[in-house]
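Shown below: data.txt, with compact mmCIF, C-alpha atoms.
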# COMPACT_ATOMS: atom_id res chain seq x y z
CA MET J 1 85.93 110.83 143.02
CA SER J 2 88.90 109.17 141.36
CA ALA J 3 88.75 108.10 137.72
CA PRO J 4 88.07 104.41 137.05
CA ALA J 5 91.20 102.32 136.59
CA PRO J 6 91.94 101.32 133.00
CA CYS J 7 91.49 97.78 131.80
CA CYS J 8 94.87 96.30 130.88
CA TRP J 9 96.10 93.39 128.79
CA VAL J 10 99.67 92.17 128.19
CA ASP J 11 100.21 89.94 125.17
CA GLY J 12 96.46 89.48 124.93
CA GLN J 13 95.95 88.36 128.55
CA PRO J 14 94.53 90.43 131.43
CA ALA J 15 97.46 91.86 133.40
CA ASP J 16 98.57 95.13 134.97
CA SER J 17 102.36 94.72 135.09
CA VAL J 18 105.34 93.94 132.89
CA SER J 19 108.90 92.80 133.52
CA VAL J 20 111.37 95.26 135.03
CA LEU J 21 113.68 94.16 132.20
CA GLU J 22 111.41 95.71 129.54
CA ARG J 23 113.48 97.62 126.98
CA GLY J 24 110.54 99.99 126.62
CA LEU J 25 111.07 100.95 130.26
CA HIS J 26 114.86 101.15 130.09
CA TYR J 27 115.29 102.87 126.72
CA GLY J 28 111.89 103.91 125.37
CA ASP J 29 112.46 101.12 122.84
CA GLY J 30 109.02 100.83 121.32
CA LEU J 31 105.98 102.50 119.82
CA PHE J 32 102.46 103.45 120.82
CA GLU J 33 99.08 104.37 119.39
CA THR J 34 96.16 106.21 121.00
CA ILE J 35 92.85 105.17 119.46
CA ALA J 36 89.35 106.62 119.84
CA VAL J 37 86.50 104.17 120.38
CA LEU J 38 82.97 105.25 119.45
CA ASN J 39 79.94 102.96 119.41
CA GLY J 40 82.23 100.08 120.29
CA GLU J 41 84.39 100.54 117.18
CA ALA J 42 88.02 101.62 117.01
CA ARG J 43 88.09 104.75 114.85
CA LEU J 44 90.63 104.90 112.01
CA LEU J 45 92.10 101.60 113.14
CA GLY J 46 93.52 100.85 109.70
CA ARG J 47 95.54 104.08 109.73
CA HIS J 48 96.77 103.38 113.25
CA LEU J 49 97.93 99.89 112.32
CA GLN J 50 99.64 101.19 109.19
CA ARG J 51 101.55 103.81 111.19
CA LEU J 52 102.48 101.16 113.74
CA ALA J 53 103.78 98.92 110.96
CA THR J 54 105.80 101.81 109.52
CA GLY J 55 107.29 102.52 112.94
CA CYS J 56 108.14 98.83 113.40
CA GLU J 57 109.97 98.82 110.09
CA ARG J 58 111.90 101.94 111.06
CA LEU J 59 112.91 100.55 114.47
CA GLY J 60 113.38 96.96 113.35
CA LEU J 61 110.62 95.66 115.61
CA ARG J 62 108.78 92.45 114.88
CA ALA J 63 105.00 92.84 114.96
CA GLU J 64 101.78 91.21 113.83
CA PRO J 65 99.42 94.08 112.94
CA ALA J 66 96.52 91.67 112.38
CA GLN J 67 96.95 90.29 115.90
CA ILE J 68 97.15 93.77 117.42
CA GLY J 69 94.11 94.84 115.41
CA ALA J 70 92.09 91.87 116.67
CA GLU J 71 93.01 92.68 120.28
CA VAL J 72 92.03 96.32 119.83
CA ARG J 73 88.70 95.38 118.25
CA ALA J 74 87.93 92.98 121.10
CA ALA J 75 88.71 95.63 123.72
CA ALA J 76 86.69 98.26 121.83
CA ALA J 77 83.61 96.07 121.49
CA GLU J 78 83.14 95.95 125.27
CA MET J 79 82.66 99.71 125.74
CA PRO J 80 80.70 102.15 123.54
CA ARG J 81 83.02 105.11 124.19
CA ALA J 82 86.63 104.69 125.28
CA VAL J 83 90.26 105.47 124.57
CA ILE J 84 92.55 102.55 123.78
CA LYS J 85 96.30 102.90 124.06
CA VAL J 86 98.49 100.27 122.45
CA LEU J 87 102.17 99.99 123.34
CA LEU J 88 104.51 97.70 121.48
CA THR J 89 107.94 97.30 123.05
CA ARG J 90 110.94 95.32 121.90
CA GLY J 91 110.38 93.14 124.96
CA ARG J 92 112.56 92.01 127.81
CA ALA J 93 116.27 92.83 127.62
CA LEU J 94 118.24 89.60 127.37
CA ALA J 95 121.49 91.30 128.40
CA ARG J 96 122.52 94.63 129.88
CA GLY J 97 123.22 97.46 127.45
CA TYR J 98 121.85 98.93 124.25
CA ALA J 99 122.89 96.08 121.94
CA LEU J 100 120.29 93.58 120.74
CA SER J 101 120.67 89.82 120.84
CA GLY J 102 118.17 89.34 118.04
CA ALA J 103 116.14 86.94 120.18
CA GLU J 104 114.00 89.56 121.93
CA ILE J 105 110.26 88.87 121.90
CA PRO J 106 108.08 92.02 121.55
CA THR J 107 105.58 92.82 124.27
CA ARG J 108 102.07 94.01 123.42
CA ILE J 109 100.35 96.19 126.01
CA THR J 110 96.75 97.31 125.56
CA LEU J 111 94.99 99.73 127.90
CA ARG J 112 91.37 100.83 127.71
CA TYR J 113 90.32 104.04 129.45
CA PRO J 114 86.83 105.49 129.90
CA TRP J 115 86.27 108.50 127.63
CA PRO J 116 83.62 110.86 129.01
CA PRO J 117 81.66 112.81 126.40
CA GLU J 118 82.96 116.29 125.71
CA ASP J 119 80.84 119.42 125.91
CA PRO J 120 80.00 120.16 122.22
CA ALA J 121 79.80 123.89 122.94
CA ALA J 122 83.35 123.93 124.31
CA ALA J 123 84.64 122.01 121.28
CA GLN J 124 82.83 124.40 118.95
CA ALA J 125 84.15 127.47 120.74
CA GLY J 126 87.73 126.44 120.04
CA ALA J 127 90.93 126.11 122.02
CA ARG J 128 93.23 128.49 123.80
CA VAL J 129 96.83 127.70 122.85
CA ARG J 130 100.26 128.97 123.86
CA ILE J 131 103.76 128.62 122.42
CA ALA J 132 106.19 126.34 124.22
CA THR J 133 109.59 127.61 125.22
CA LEU J 134 111.17 124.18 124.80
CA ARG J 135 112.45 123.42 121.31
CA LEU J 136 112.23 119.99 119.70
CA GLY J 137 115.42 118.20 118.80
CA GLU J 138 115.83 117.09 115.20
CA ASN J 139 116.48 113.49 114.25
CA PRO J 140 115.34 112.37 110.78
CA ALA J 141 115.73 108.71 111.78
CA LEU J 142 112.85 109.11 114.23
CA ALA J 143 110.85 111.85 112.49
CA GLY J 144 107.19 110.94 112.10
CA VAL J 145 107.45 107.88 114.35
CA LYS J 146 105.30 107.67 117.49
CA HIS J 147 108.02 106.18 119.66
CA LEU J 148 107.81 105.79 123.43
CA ASN J 149 110.24 108.57 124.35
CA ARG J 150 108.01 111.60 125.00
CA LEU J 151 110.29 113.49 127.40
CA GLU J 152 110.30 116.62 125.25
CA GLN J 153 106.51 116.71 125.39
CA VAL J 154 106.54 116.05 129.15
CA LEU J 155 108.90 118.97 129.73
CA ALA J 156 106.89 121.25 127.46
CA ARG J 157 103.67 120.32 129.26
CA ARG J 158 105.27 121.38 132.56
CA GLU J 159 105.46 124.94 131.26
CA TRP J 160 101.83 125.78 132.06
CA SER J 161 99.18 124.92 134.63
CA ASP J 162 96.19 126.93 133.37
CA PRO J 163 93.48 124.31 132.69
CA GLY J 164 91.95 126.62 130.11
CA ILE J 165 94.94 126.19 127.79
CA MET J 166 94.56 123.07 125.69
CA ASP J 167 98.03 122.75 124.16
CA ALA J 168 101.29 124.48 123.32
CA LEU J 169 102.77 124.78 119.86
CA MET J 170 106.37 123.63 119.53
CA PHE J 171 109.17 124.77 117.25
CA SER J 172 112.31 122.85 116.33
CA HIS J 173 115.85 123.94 117.18
CA SER J 174 116.05 125.22 113.60
CA GLY J 175 113.10 127.53 114.25
CA ASP J 176 110.46 125.66 112.25
CA LEU J 177 106.93 125.14 113.53
CA VAL J 178 106.41 121.40 114.14
CA SER J 179 103.32 120.55 116.18
CA GLY J 180 101.61 120.84 119.53
CA THR J 181 102.67 118.73 122.47
CA MET J 182 99.84 116.31 121.63
CA THR J 183 98.52 117.58 118.31
CA ASN J 184 99.39 118.35 114.72
CA VAL J 185 98.90 121.91 113.54
CA PHE J 186 97.31 123.42 110.42
CA ILE J 187 97.39 127.01 109.18
CA VAL J 188 94.94 128.52 106.69
CA ARG J 189 96.06 131.46 104.58
CA ASP J 190 94.75 132.66 101.22
CA ALA J 191 92.31 129.70 101.08
CA THR J 192 95.28 127.29 101.22
CA LEU J 193 95.91 124.70 103.92
CA PHE J 194 99.45 124.56 105.31
CA THR J 195 100.94 122.05 107.72
CA PRO J 196 104.56 121.53 108.80
CA ARG J 197 106.79 119.02 107.07
CA LEU J 198 107.83 116.29 109.47
CA GLU J 199 111.13 115.28 107.93
CA ARG J 200 113.33 116.17 110.92
CA CYS J 201 111.04 115.76 113.95
CA GLY J 202 107.42 115.46 115.02
CA VAL J 203 104.76 112.74 114.85
CA ALA J 204 102.83 111.99 111.67
CA GLY J 205 99.34 111.86 113.17
CA VAL J 206 96.61 109.61 111.80
CA MET J 207 94.11 112.49 111.99
CA ARG J 208 96.62 114.73 110.24
CA ALA J 209 96.78 112.22 107.37
CA THR J 210 92.99 111.94 107.30
CA VAL J 211 92.52 115.72 107.12
CA LEU J 212 95.16 116.08 104.41
CA ALA J 213 93.42 113.43 102.32
CA LEU J 214 90.01 114.97 102.95
CA ALA J 215 91.21 118.44 101.93
CA ALA J 216 92.92 117.18 98.78
CA ALA J 217 89.83 115.20 97.77
CA GLY J 218 87.74 118.34 98.23
CA GLY J 219 89.94 120.44 95.99
CA VAL J 220 91.52 122.46 98.81
CA PRO J 221 95.09 123.51 97.97
CA VAL J 222 97.38 121.77 100.46
CA ARG J 223 101.03 122.42 101.23
CA GLU J 224 103.32 120.46 103.54
CA CYS J 225 106.26 122.79 104.01
CA ALA J 226 108.59 124.52 106.45
CA LEU J 227 106.62 127.05 108.49
CA SER J 228 108.12 129.81 110.58
CA ALA J 229 106.92 131.97 113.46
CA GLN J 230 106.06 134.59 110.85
CA ASP J 231 103.84 132.11 109.03
CA LEU J 232 102.08 131.33 112.30
CA ALA J 233 101.56 135.02 113.00
CA ALA J 234 100.07 135.50 109.52
CA ALA J 235 97.53 132.68 109.92
CA GLU J 236 93.97 133.60 109.02
CA GLU J 237 92.71 130.38 110.61
CA LEU J 238 94.46 127.90 112.84
CA PHE J 239 93.40 124.43 113.96
CA LEU J 240 94.82 121.37 115.69
CA THR J 241 94.21 117.68 115.11
CA ASN J 242 94.69 114.37 116.85
CA ALA J 243 92.96 111.00 116.96
CA LEU J 244 90.68 111.99 119.84
CA ILE J 245 89.71 115.60 119.14
CA GLY J 246 89.46 115.38 115.35
CA ILE J 247 89.74 119.00 114.24
CA ARG J 248 89.87 121.60 117.00
CA PRO J 249 89.86 125.26 115.95
CA VAL J 250 92.17 127.62 117.80
CA ARG J 251 90.35 130.71 119.05
CA GLU J 252 93.25 132.22 120.97
CA LEU J 253 97.02 132.00 120.53
CA GLU J 254 99.18 133.66 123.18
CA GLY J 255 96.24 135.88 124.11
CA ALA J 256 95.49 136.98 120.53
CA ALA J 257 92.04 136.10 119.17
CA LEU J 258 91.63 134.03 116.02
CA PRO J 259 88.39 133.44 114.09
CA LEU J 260 86.72 130.12 113.43
CA GLY J 261 87.03 130.58 109.68
CA PRO J 262 85.16 129.08 106.74
CA LEU J 263 87.73 126.47 105.72
CA THR J 264 88.03 125.15 109.27
CA ARG J 265 84.22 124.94 109.50
CA ARG J 266 84.02 123.13 106.20
CA LEU J 267 86.71 120.60 107.05
CA ARG J 268 85.18 119.93 110.47
CA ALA J 269 81.80 119.22 108.90
CA GLU J 270 83.31 116.99 106.21
CA LEU J 271 85.39 115.12 108.77
CA ALA J 272 82.30 114.57 110.94
CA ARG J 273 80.50 113.08 107.96
CA LEU J 274 83.51 110.95 107.06
CA LEU J 275 83.72 109.56 110.58
CA GLY J 276 79.98 108.97 110.73
CA GLU J 277 79.49 111.38 113.61
CA ALA J 278 76.82 114.03 113.98
CA ALA J 279 78.17 117.40 112.85
CA ARG J 280 78.65 119.87 115.69
CA GLU J 281 77.76 122.90 113.62

Take the structure I supplied and represent it as structure tokens, if you would.
Amino acid sequence: MSAPAPCCWVDGQPADSVSVLERGLHYGDGLFETIAVLNGEARLLGRHLQRLATGCERLGLRAEPAQIGAEVRAAAAEMPRAVIKVLLTRGRALARGYALSGAEIPTRITLRYPWPPEDPAAAQAGARVRIATLRLGENPALAGVKHLNRLEQVLARREWSDPGIMDALMFSHSGDLVSGTMTNVFIVRDATLFTPRLERCGVAGVMRATVLALAAAGGVPVRECALSAQDLAAAEELFLTNALIGIRPVRELEGAALPLGPLTRRLRAELARLLGEAARE
């Protein structure tokens, strides 16, 4: 049985198509957010809108976060459990080429997908993860921004077909650990939480920011720094985050077993309480 089609809105109106002149289509000129909906409420919506506003400032896009927030809330209220994806493009190209006229009108695209419940036992057991061969390019102008060009992630995702592998960790061309294809990564060593700096590439995830704040508030030593393959190999605990999975422990990296350690357990439980969800422990 095929999955239900998503519900779609363009500029607040039901629609399932956009102009072929969209700069988001031609150049990846835009941003997106992927938002979890639970009990009809968009989770961490404030953080998503703040990141969107930051990305708009970086790219010089006009946006009305309050308007986007209202549209997301309306879409969320109609379904108790869903995934909402918001795309904001620069709009239709008014002339051929990269240059802007300054008169472009941004396009807002909202999609709502069904989100089937996940098996709690599988989430508790942890993820199998590999290391991607593809290296991420480095561009400080785009670092941290969730822009529409995801070709590096698409190519990295082509590297495996085993459905038991959840994600692949990616390094930069300089050899620094950055993230997964769809996640941020955290290492625990000596009771300290480490996560890669995202000054040259990578996406600054909303769940990453939430976990960093939660750890700092709980007195956990936190370091955002350059991390190497050696740091990854020395990890005592390893977990991934994104807006949908929250915190997902890694139980296996490239075939090597990793424990679900005490700090990961603690942070998962505290995050569950913060998000108002039932703890899975």

Within 12 Å of file point (112.5, 109.4, 115.5), counting all atoms listed in the file, expressed as a ChimeraX atom specification: /J:28-31,54-56,58-59,136-150,198-204

Please, could you write that set of residues out with C-alpha atoms as a PDB file, keeping the file's coordinate frame?
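Saved result, again_15.pdb, follows:
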ATOM      1  CA  GLY J  28     111.890 103.910 125.370  1.00  0.00           C
ATOM      2  CA  ASP J  29     112.460 101.120 122.840  1.00  0.00           C
ATOM      3  CA  GLY J  30     109.020 100.830 121.320  1.00  0.00           C
ATOM      4  CA  LEU J  31     105.980 102.500 119.820  1.00  0.00           C
ATOM      5  CA  THR J  54     105.800 101.810 109.520  1.00  0.00           C
ATOM      6  CA  GLY J  55     107.290 102.520 112.940  1.00  0.00           C
ATOM      7  CA  CYS J  56     108.140  98.830 113.400  1.00  0.00           C
ATOM      8  CA  ARG J  58     111.900 101.940 111.060  1.00  0.00           C
ATOM      9  CA  LEU J  59     112.910 100.550 114.470  1.00  0.00           C
ATOM     10  CA  LEU J 136     112.230 119.990 119.700  1.00  0.00           C
ATOM     11  CA  GLY J 137     115.420 118.200 118.800  1.00  0.00           C
ATOM     12  CA  GLU J 138     115.830 117.090 115.200  1.00  0.00           C
ATOM     13  CA  ASN J 139     116.480 113.490 114.250  1.00  0.00           C
ATOM     14  CA  PRO J 140     115.340 112.370 110.780  1.00  0.00           C
ATOM     15  CA  ALA J 141     115.730 108.710 111.780  1.00  0.00           C
ATOM     16  CA  LEU J 142     112.850 109.110 114.230  1.00  0.00           C
ATOM     17  CA  ALA J 143     110.850 111.850 112.490  1.00  0.00           C
ATOM     18  CA  GLY J 144     107.190 110.940 112.100  1.00  0.00           C
ATOM     19  CA  VAL J 145     107.450 107.880 114.350  1.00  0.00           C
ATOM     20  CA  LYS J 146     105.300 107.670 117.490  1.00  0.00           C
ATOM     21  CA  HIS J 147     108.020 106.180 119.660  1.00  0.00           C
ATOM     22  CA  LEU J 148     107.810 105.790 123.430  1.00  0.00           C
ATOM     23  CA  ASN J 149     110.240 108.570 124.350  1.00  0.00           C
ATOM     24  CA  ARG J 150     108.010 111.600 125.000  1.00  0.00           C
ATOM     25  CA  LEU J 198     107.830 116.290 109.470  1.00  0.00           C
ATOM     26  CA  GLU J 199     111.130 115.280 107.930  1.00  0.00           C
ATOM     27  CA  ARG J 200     113.330 116.170 110.920  1.00  0.00           C
ATOM     28  CA  CYS J 201     111.040 115.760 113.950  1.00  0.00           C
ATOM     29  CA  GLY J 202     107.420 115.460 115.020  1.00  0.00           C
ATOM     30  CA  VAL J 203     104.760 112.740 114.850  1.00  0.00           C
ATOM     31  CA  ALA J 204     102.830 111.990 111.670  1.00  0.00           C
TER      32      ALA J 204
END

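Here the question is which of J:Pro262, J:Gly205, J:Pro116, J:Gly219 gets nearest to J:Arg189 using all atoms listed in the file, and that residue is J:Pro262.
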
Within 10 Å of J:Ser17 using all atoms listed in the file, minus same-chain residues under 6 positions, as a ChimeraX atom specification: /J:8-10,109

Pick from J:Glu57, J:Glu22, J:Glu236, J:Asp190, whichever lies nearest to J:Ala93 using all atoms listed in the file: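 Selected residue with least distance to J:Ala93: J:Glu22.
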
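Taking atom CA of J:Val154 and atom CA of J:Leu260 as the two end points, the separation is 28.9 Å.
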
Using only C-alpha atoms: which of J:Ala123, J:Glu71, J:Leu258, J:His26 has the shortest distance to J:Gly97: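 Of all the options, J:His26 lies closest to J:Gly97.
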
Radius query 9 Å about (99.1, 91.7, 118.8), atoms used: only C-alpha atoms, as a VMD selection string: chain J and resid 11 to 12 63 to 72 88 107 to 109

Distance of atom CA of J:Gly102 from atom CA of J:Arg23, expressed in Å to one decimal place: 13.1 Å

Nearest-residue call for J:Gly246, choices J:Cys225, J:Arg158, J:Leu111, J:Gln124, using all atoms listed in the file: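 Comparing J:Cys225, J:Arg158, J:Leu111, J:Gln124 against J:Gly246, the winner is J:Gln124.
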
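The space separating atom CA of J:Ala77 from atom CA of J:Trp115 comes to 14.1 Å.
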
For J:Ala125, the nearest of the candidates J:Met207, J:Ala42, J:Ala36, J:Ala257, counting only C-alpha atoms: J:Ala257

Mind checking which residues fall within 7 Å of J:Gly40, counting only C-alpha atoms, ignoring those fewer than 3 positions away in the same chain, and posting them as a short mmCIF file (atom, residue, chain, number, x, y, z; two decimals) with C-alpha atoms, in the coordinates of the input?
data_model
loop_
_atom_site.label_atom_id
_atom_site.label_comp_id
_atom_site.auth_asym_id
_atom_site.auth_seq_id
_atom_site.Cartn_x
_atom_site.Cartn_y
_atom_site.Cartn_z
CA VAL J 37 86.50 104.17 120.38
CA ALA J 76 86.69 98.26 121.83
CA ALA J 77 83.61 96.07 121.49
CA GLU J 78 83.14 95.95 125.27
CA MET J 79 82.66 99.71 125.74
CA PRO J 80 80.70 102.15 123.54
CA ARG J 81 83.02 105.11 124.19
#

Residues within 12 Å of J:Leu227, please, as a JSON list (two decimals) with C-alpha atoms, keeping the file's coordinate frame. Count only C-alpha atoms; anything in the same chain fewer than 6 positions from it doesn't count.
[["chain", "number", "residue", "atom", "x", "y", "z"],
["J", 170, "MET", "CA", 106.37, 123.63, 119.53],
["J", 171, "PHE", "CA", 109.17, 124.77, 117.25],
["J", 172, "SER", "CA", 112.31, 122.85, 116.33],
["J", 174, "SER", "CA", 116.05, 125.22, 113.60],
["J", 175, "GLY", "CA", 113.10, 127.53, 114.25],
["J", 176, "ASP", "CA", 110.46, 125.66, 112.25],
["J", 177, "LEU", "CA", 106.93, 125.14, 113.53],
["J", 178, "VAL", "CA", 106.41, 121.40, 114.14],
["J", 179, "SER", "CA", 103.32, 120.55, 116.18],
["J", 185, "VAL", "CA", 98.90, 121.91, 113.54],
["J", 186, "PHE", "CA", 97.31, 123.42, 110.42],
["J", 187, "ILE", "CA", 97.39, 127.01, 109.18],
["J", 188, "VAL", "CA", 94.94, 128.52, 106.69],
["J", 193, "LEU", "CA", 95.91, 124.70, 103.92],
["J", 194, "PHE", "CA", 99.45, 124.56, 105.31],
["J", 195, "THR", "CA", 100.94, 122.05, 107.72],
["J", 196, "PRO", "CA", 104.56, 121.53, 108.80],
["J", 197, "ARG", "CA", 106.79, 119.02, 107.07],
["J", 198, "LEU", "CA", 107.83, 116.29, 109.47],
["J", 233, "ALA", "CA", 101.56, 135.02, 113.00],
["J", 234, "ALA", "CA", 100.07, 135.50, 109.52],
["J", 235, "ALA", "CA", 97.53, 132.68, 109.92]]

Among listed residues J:Ala226, J:Leu275, J:Leu238, J:Ile245, nearest J:Gly261 (using all atoms listed in the file):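 Of J:Ala226, J:Leu275, J:Leu238, J:Ile245, the one nearest J:Gly261, counting all atoms listed in the file, is J:Leu238.
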
Around all the atoms of stretch 113-120 of chain J listed in the file, with 4 Å of room on each side, what axis-aligned box do you get, giving centre and edge lengths in Å to one decimal, as AutoDock Vina command-line options?
--center_x 85.2 --center_y 112.1 --center_z 126.1 --size_x 18.3 --size_y 24.1 --size_z 15.7

J:Arg266 environment, 12 Å, all atoms listed in the file, sequence neighbours closer than 2 positions dropped, as a VMD selection string: chain J and resid 191 211 214 to 215 218 220 247 249 260 to 264 268 to 273 279 to 281
